[in-house]
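Colleague: If you scroll down you'll find the structure; I have some questions about it.
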Amino acid sequence: MSSVAVRVAGETVLLLPEKALYWPAEKMLVVADIHFGKAAAFRALGVPVPRGTTTENLQGLDALVEAHGARHIVFLGDFLHARAAHASATQQAMLAWRERRRDLQLTLVRGNHDRHAGDPSAQLAIDLVDEPHALGPFAFCHHPDLATPGYALAGHIHPVYVLATRFDALRLPCFVVGPERMILPSFGAFTGGHAIRPESGDSIYVSSGEAVHCVR
């Protein structure tokens, strides 16, 4: 896997092909829009969607923690998708993961879906904060359009960038790196994406799943 180091707010951070950010100085993994329980919420409405997305998300977190030695994970909102995410199977998988990862500090910056879904189980021992959450030069947010005291790291948009030729087009999850804020791609399985138009001053880094590439 090939990540890209970028310098923002006087700090070096890594943009990871697994659609997360790593802040080496703090051993911190930053994840946006994991949406635990989204598939369960769709199934509760009678929509036939794949199972196993919770396990896939947890395995993805495990792989990144092991690869980078992370000690702290910050979730940039939309940790739970809906109240259906409190279903027993989803909760048991998350609690079993947390039992294996008691050494990790977890922080959730509440997003719009979290307000509707309700806070995660207290047994997960997650520090719950509201946006913007200031730490060092950064303001950890869910929404990218907030006025913040520091450089904003945000989610919410699920950004994808369209790479097009005359004959075909490819939508890839991307990091949108601007002068005052960065928008992270959605980490969660089964979350979709929104094609963005970069603003003046934005750099776009797409993830192929194996590597991160600057395309603008």
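Naming scheme: A, B, ... for chains in displayed order of the structure tokens; residues 1 onward per chain; ligands 1 onward as shown.
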Using only C-alpha atoms, which protein or nucleic acid residues come within 10 Å of segment 59-64 of chain A? Drop anything in the same chain fewer than 3 positions from it, and give the result as a compact mmCIF listing (two decimals) with all heavy atoms, in the first residue's frame.
Modeller:
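Contents of around19.txt, as written:
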# COMPACT_ATOMS: atom_id res chain seq x y z
N LEU A 16 -3.99 7.76 3.48
CA LEU A 16 -3.87 6.32 3.31
C LEU A 16 -4.80 5.80 2.22
O LEU A 16 -5.95 6.25 2.11
CB LEU A 16 -4.18 5.61 4.63
CG LEU A 16 -3.39 6.08 5.86
CD1 LEU A 16 -3.84 5.30 7.09
CD2 LEU A 16 -1.90 5.95 5.64
N GLU A 18 -6.42 3.24 2.21
CA GLU A 18 -7.60 2.62 2.85
C GLU A 18 -8.65 3.65 3.23
O GLU A 18 -9.62 3.34 3.93
CB GLU A 18 -7.16 1.84 4.09
CG GLU A 18 -6.23 0.68 3.80
CD GLU A 18 -4.75 1.07 3.82
OE1 GLU A 18 -4.43 2.29 3.79
OE2 GLU A 18 -3.90 0.16 3.87
N LYS A 19 -8.48 4.90 2.77
CA LYS A 19 -9.45 5.99 2.96
C LYS A 19 -9.48 6.51 4.39
O LYS A 19 -10.55 6.80 4.94
CB LYS A 19 -10.85 5.56 2.49
CG LYS A 19 -10.93 5.12 1.04
CD LYS A 19 -12.34 4.77 0.62
CE LYS A 19 -12.89 3.59 1.40
NZ LYS A 19 -14.26 3.22 1.00
N ALA A 20 -8.33 6.63 4.99
CA ALA A 20 -8.19 7.20 6.32
C ALA A 20 -6.95 8.08 6.33
O ALA A 20 -6.16 8.08 5.39
CB ALA A 20 -8.09 6.10 7.37
N LEU A 21 -6.82 8.85 7.40
CA LEU A 21 -5.66 9.73 7.59
C LEU A 21 -4.92 9.28 8.83
O LEU A 21 -5.53 8.88 9.83
CB LEU A 21 -6.14 11.18 7.73
CG LEU A 21 -5.10 12.27 8.00
CD1 LEU A 21 -5.52 13.58 7.34
CD2 LEU A 21 -4.89 12.51 9.50
N TYR A 22 -3.58 9.36 8.78
CA TYR A 22 -2.77 9.03 9.95
C TYR A 22 -1.89 10.22 10.29
O TYR A 22 -1.22 10.79 9.42
CB TYR A 22 -1.91 7.80 9.70
CG TYR A 22 -1.16 7.34 10.93
CD1 TYR A 22 -1.85 6.92 12.06
CD2 TYR A 22 0.23 7.34 10.97
CE1 TYR A 22 -1.17 6.52 13.20
CE2 TYR A 22 0.91 6.94 12.11
CZ TYR A 22 0.20 6.52 13.22
OH TYR A 22 0.87 6.13 14.36
N LEU A 29 -5.13 7.78 14.20
CA LEU A 29 -5.84 7.41 12.98
C LEU A 29 -7.14 8.21 12.94
O LEU A 29 -7.87 8.27 13.94
CB LEU A 29 -6.14 5.91 13.00
CG LEU A 29 -6.74 5.26 11.76
CD1 LEU A 29 -5.76 5.32 10.60
CD2 LEU A 29 -7.12 3.82 12.07
N VAL A 31 -10.73 8.79 10.91
CA VAL A 31 -11.65 8.04 10.04
C VAL A 31 -12.95 8.83 9.93
O VAL A 31 -13.51 9.26 10.94
CB VAL A 31 -11.92 6.65 10.63
CG1 VAL A 31 -13.04 5.95 9.87
CG2 VAL A 31 -10.66 5.81 10.62
N THR A 53 -20.82 -6.06 6.52
CA THR A 53 -20.14 -4.77 6.40
C THR A 53 -19.54 -4.34 7.74
O THR A 53 -18.49 -3.69 7.75
CB THR A 53 -21.08 -3.69 5.87
OG1 THR A 53 -22.25 -3.63 6.69
CG2 THR A 53 -21.50 -3.99 4.44
N THR A 54 -20.19 -4.67 8.85
CA THR A 54 -19.61 -4.33 10.16
C THR A 54 -18.29 -5.04 10.36
O THR A 54 -17.29 -4.43 10.77
CB THR A 54 -20.59 -4.69 11.29
OG1 THR A 54 -21.76 -3.88 11.18
CG2 THR A 54 -19.95 -4.47 12.66
N THR A 55 -18.25 -6.31 10.05
CA THR A 55 -17.00 -7.08 10.16
C THR A 55 -15.93 -6.50 9.25
O THR A 55 -14.77 -6.36 9.64
CB THR A 55 -17.25 -8.55 9.81
OG1 THR A 55 -18.19 -9.10 10.75
CG2 THR A 55 -15.95 -9.36 9.87
N GLU A 56 -16.32 -6.13 8.03
CA GLU A 56 -15.37 -5.54 7.09
C GLU A 56 -14.79 -4.23 7.63
O GLU A 56 -13.58 -3.98 7.54
CB GLU A 56 -16.06 -5.30 5.75
CG GLU A 56 -15.13 -4.80 4.65
CD GLU A 56 -15.83 -4.65 3.32
OE1 GLU A 56 -16.92 -5.23 3.14
OE2 GLU A 56 -15.29 -3.93 2.45
N ALA A 67 -0.75 -1.77 11.17
CA ALA A 67 0.24 -1.28 10.20
C ALA A 67 0.95 -0.03 10.68
O ALA A 67 2.14 0.17 10.40
CB ALA A 67 -0.45 -1.01 8.86
N HIS A 68 0.26 0.82 11.43
CA HIS A 68 0.82 2.12 11.79
C HIS A 68 1.08 2.29 13.29
O HIS A 68 1.65 3.30 13.68
CB HIS A 68 -0.12 3.23 11.30
CG HIS A 68 -0.29 3.24 9.81
ND1 HIS A 68 0.64 3.77 8.95
CD2 HIS A 68 -1.28 2.75 9.03
CE1 HIS A 68 0.24 3.62 7.71
NE2 HIS A 68 -0.93 3.00 7.72
N GLY A 69 0.68 1.32 14.09
CA GLY A 69 0.90 1.45 15.52
C GLY A 69 0.04 2.53 16.15
O GLY A 69 0.46 3.19 17.12
N ALA A 70 -1.15 2.73 15.63
CA ALA A 70 -2.03 3.78 16.14
C ALA A 70 -2.42 3.51 17.59
O ALA A 70 -2.65 2.36 17.99
CB ALA A 70 -3.28 3.88 15.28
N ILE A 73 -7.94 6.53 17.81
CA ILE A 73 -8.75 6.67 16.60
C ILE A 73 -9.77 7.77 16.85
O ILE A 73 -10.51 7.75 17.84
CB ILE A 73 -9.49 5.37 16.23
CG1 ILE A 73 -8.52 4.21 16.01
CG2 ILE A 73 -10.32 5.59 14.95
CD1 ILE A 73 -9.20 2.89 15.70
N TRP A 97 -14.91 -6.52 19.29
CA TRP A 97 -13.72 -5.82 18.77
C TRP A 97 -13.12 -4.92 19.85
O TRP A 97 -11.91 -4.91 20.05
CB TRP A 97 -14.11 -4.99 17.55
CG TRP A 97 -12.99 -4.16 17.00
CD1 TRP A 97 -12.02 -4.56 16.15
CD2 TRP A 97 -12.73 -2.77 17.29
NE1 TRP A 97 -11.15 -3.51 15.87
CE2 TRP A 97 -11.57 -2.42 16.56
CE3 TRP A 97 -13.36 -1.81 18.08
CZ2 TRP A 97 -11.03 -1.12 16.61
CZ3 TRP A 97 -12.82 -0.53 18.13
CH2 TRP A 97 -11.67 -0.21 17.40
N ARG A 100 -10.99 -6.60 22.41
CA ARG A 100 -9.64 -6.90 21.94
C ARG A 100 -8.77 -5.66 21.83
O ARG A 100 -7.55 -5.75 21.75
CB ARG A 100 -9.69 -7.58 20.56
CG ARG A 100 -10.43 -8.89 20.51
CD ARG A 100 -10.15 -9.63 19.20
NE ARG A 100 -10.46 -8.83 18.02
CZ ARG A 100 -11.65 -8.77 17.44
NH1 ARG A 100 -12.66 -9.48 17.94
NH2 ARG A 100 -11.84 -8.03 16.35
N ARG A 101 -9.40 -4.49 21.81
CA ARG A 101 -8.69 -3.24 21.56
C ARG A 101 -8.86 -2.26 22.73
O ARG A 101 -9.01 -1.05 22.53
CB ARG A 101 -9.21 -2.59 20.27
CG ARG A 101 -8.86 -3.39 19.00
CD ARG A 101 -7.37 -3.34 18.71
NE ARG A 101 -7.01 -4.04 17.48
CZ ARG A 101 -5.75 -4.18 17.07
NH1 ARG A 101 -4.76 -3.67 17.78
NH2 ARG A 101 -5.49 -4.84 15.96
N PHE A 187 -14.97 6.14 5.05
CA PHE A 187 -14.23 4.91 5.32
C PHE A 187 -15.11 3.68 5.22
O PHE A 187 -14.66 2.60 4.85
CB PHE A 187 -13.64 4.99 6.74
CG PHE A 187 -12.79 3.79 7.11
CD1 PHE A 187 -11.47 3.72 6.72
CD2 PHE A 187 -13.33 2.74 7.86
CE1 PHE A 187 -10.68 2.63 7.07
CE2 PHE A 187 -12.55 1.64 8.21
CZ PHE A 187 -11.22 1.59 7.81
N GLY A 188 -16.38 3.81 5.57
CA GLY A 188 -17.24 2.65 5.74
C GLY A 188 -17.54 1.90 4.45
O GLY A 188 -17.63 2.49 3.37
N ALA A 189 -17.69 0.59 4.59
CA ALA A 189 -18.18 -0.22 3.48
C ALA A 189 -19.65 0.11 3.25
O ALA A 189 -20.38 0.43 4.19
CB ALA A 189 -18.02 -1.71 3.82
Colleague: Could you check the closest approach to Leu15 of chain A for each of A:Ala169, A:Leu80, A:Ala122, A:Met1 and tell me which residue wins, using only C-alpha atoms?
Modeller: A:Met1
Colleague: So that I can check the surroundings of Met28 of chain A, please list as a VMD selection string every protein, DNA and RNA residue that reaches within 8 Å of it, counting only C-alpha atoms and ignoring chain neighbours fewer than 2 positions away.
Modeller: chain A and resid 22 to 26 30 70 to 74
Colleague: Taking into account only C-alpha atoms, which residue in the set A:Pro179, A:Val206, A:Gln123, A:Val129 is nearest to Gly150 of chain A?
Modeller: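 Selected residue with least distance to Gly150 of chain A: A:Pro179.
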Colleague: From the options A:Gly77, A:Pro144, A:Pro173, A:Gly118, which residue's atoms come nearest to His213 of chain A, counting only C-alpha atoms?
Modeller: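 Of A:Gly77, A:Pro144, A:Pro173, A:Gly118, the one nearest His213 of chain A is A:Pro173, counting only C-alpha atoms.
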Colleague: Just give me the gap between atom CA of Phe75 of chain A and atom CA of Thr107 of chain A in Å, one decimal is fine.
Modeller: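 Atom CA of Phe75 of chain A sits 6.2 Å away from atom CA of Thr107 of chain A.
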Colleague: Find the residues near Cys174 of chain A: any atom within 9 Å, counting only C-alpha atoms, skip ones fewer than 6 places away on the same chain, and give them as a list of chain:residue names.
Modeller: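 The residues that qualify are A:Lys19, A:His158, A:Pro159, A:Val160, A:Tyr161, A:Ile183, A:Leu184, A:Pro185, A:Ser186, A:Ile204, A:Tyr205, A:Val206, A:Ser207, A:Val212.
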Colleague: Quick check for you: according to DSSP on this backbone, which residues of segment 35-180 of chain A are classed as strand (DSSP E)? Reply as a PyMOL selection string.
Modeller: chain A and resi 72-75+105-109+127-129+133-135+138-140+151-154+159-164+169-177
Colleague: Name the residues of chain A that fall into alpha helix (DSSP H) according to DSSP on the backbone, using the chain letters and numbers of this document, as a PyMOL selection string.
Modeller: chain A and resi 38-44+53-68+88-100+112-117
Colleague: Restricting the calculation to only C-alpha atoms, which member of A:Cys141, A:Ala211, A:Leu135, A:Val4 is positioned closest to Leu172 of chain A?
Modeller: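 When distances to Leu172 of chain A are compared using only C-alpha atoms, the smallest one comes from A:Ala211.
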Colleague: Hey, which of A:Glu11, A:Asp119, A:Ile34, A:Ala5 ends up closest to Gly136 of chain A? Count only C-alpha atoms.
Modeller: A:Glu11
Colleague: Residues near Leu124 of chain A, anyone? I mean within 9 Å using only C-alpha atoms, not counting same-chain ones fewer than 5 positions away, as a PDB file with N, CA and C atoms, in the first residue's frame.
Modeller:
ATOM      1  N   MET A  94     -19.190  -5.178  17.516  1.00  0.00           N
ATOM      2  CA  MET A  94     -18.431  -4.003  17.921  1.00  0.00           C
ATOM      3  C   MET A  94     -17.859  -4.169  19.328  1.00  0.00           C
ATOM      4  N   LEU A  95     -18.644  -4.743  20.225  1.00  0.00           N
ATOM      5  CA  LEU A  95     -18.177  -4.951  21.601  1.00  0.00           C
ATOM      6  C   LEU A  95     -17.043  -5.973  21.655  1.00  0.00           C
ATOM      7  N   ARG A  98     -13.991  -4.198  20.551  1.00  0.00           N
ATOM      8  CA  ARG A  98     -13.496  -3.277  21.581  1.00  0.00           C
ATOM      9  C   ARG A  98     -12.795  -4.036  22.703  1.00  0.00           C
ATOM     10  N   GLU A  99     -13.280  -5.203  23.034  1.00  0.00           N
ATOM     11  CA  GLU A  99     -12.650  -6.008  24.087  1.00  0.00           C
ATOM     12  C   GLU A  99     -11.220  -6.368  23.694  1.00  0.00           C
ATOM     13  N   LEU A 106     -10.492   5.992  21.886  1.00  0.00           N
ATOM     14  CA  LEU A 106     -11.458   6.246  20.816  1.00  0.00           C
ATOM     15  C   LEU A 106     -12.194   7.551  21.091  1.00  0.00           C
TER      16      LEU A 106
END
Colleague: Please, what distance in Å, to one decimal, runs between atom CA of Val215 of chain A and atom CA of Phe138 of chain A?
Modeller: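 Separation between atom CA of Val215 of chain A and atom CA of Phe138 of chain A: 24.6 Å.
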Colleague: Excluding His142 of chain A and its own-chain neighbours fewer than 3 positions away, which residues fall within 6 Å of it when counting only C-alpha atoms? Please give them as a list in words.
Modeller: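 Here the qualifying residues turn out to be Leu76, Gly77, Gly111, Ala154, Gly155 and His156 of chain A.
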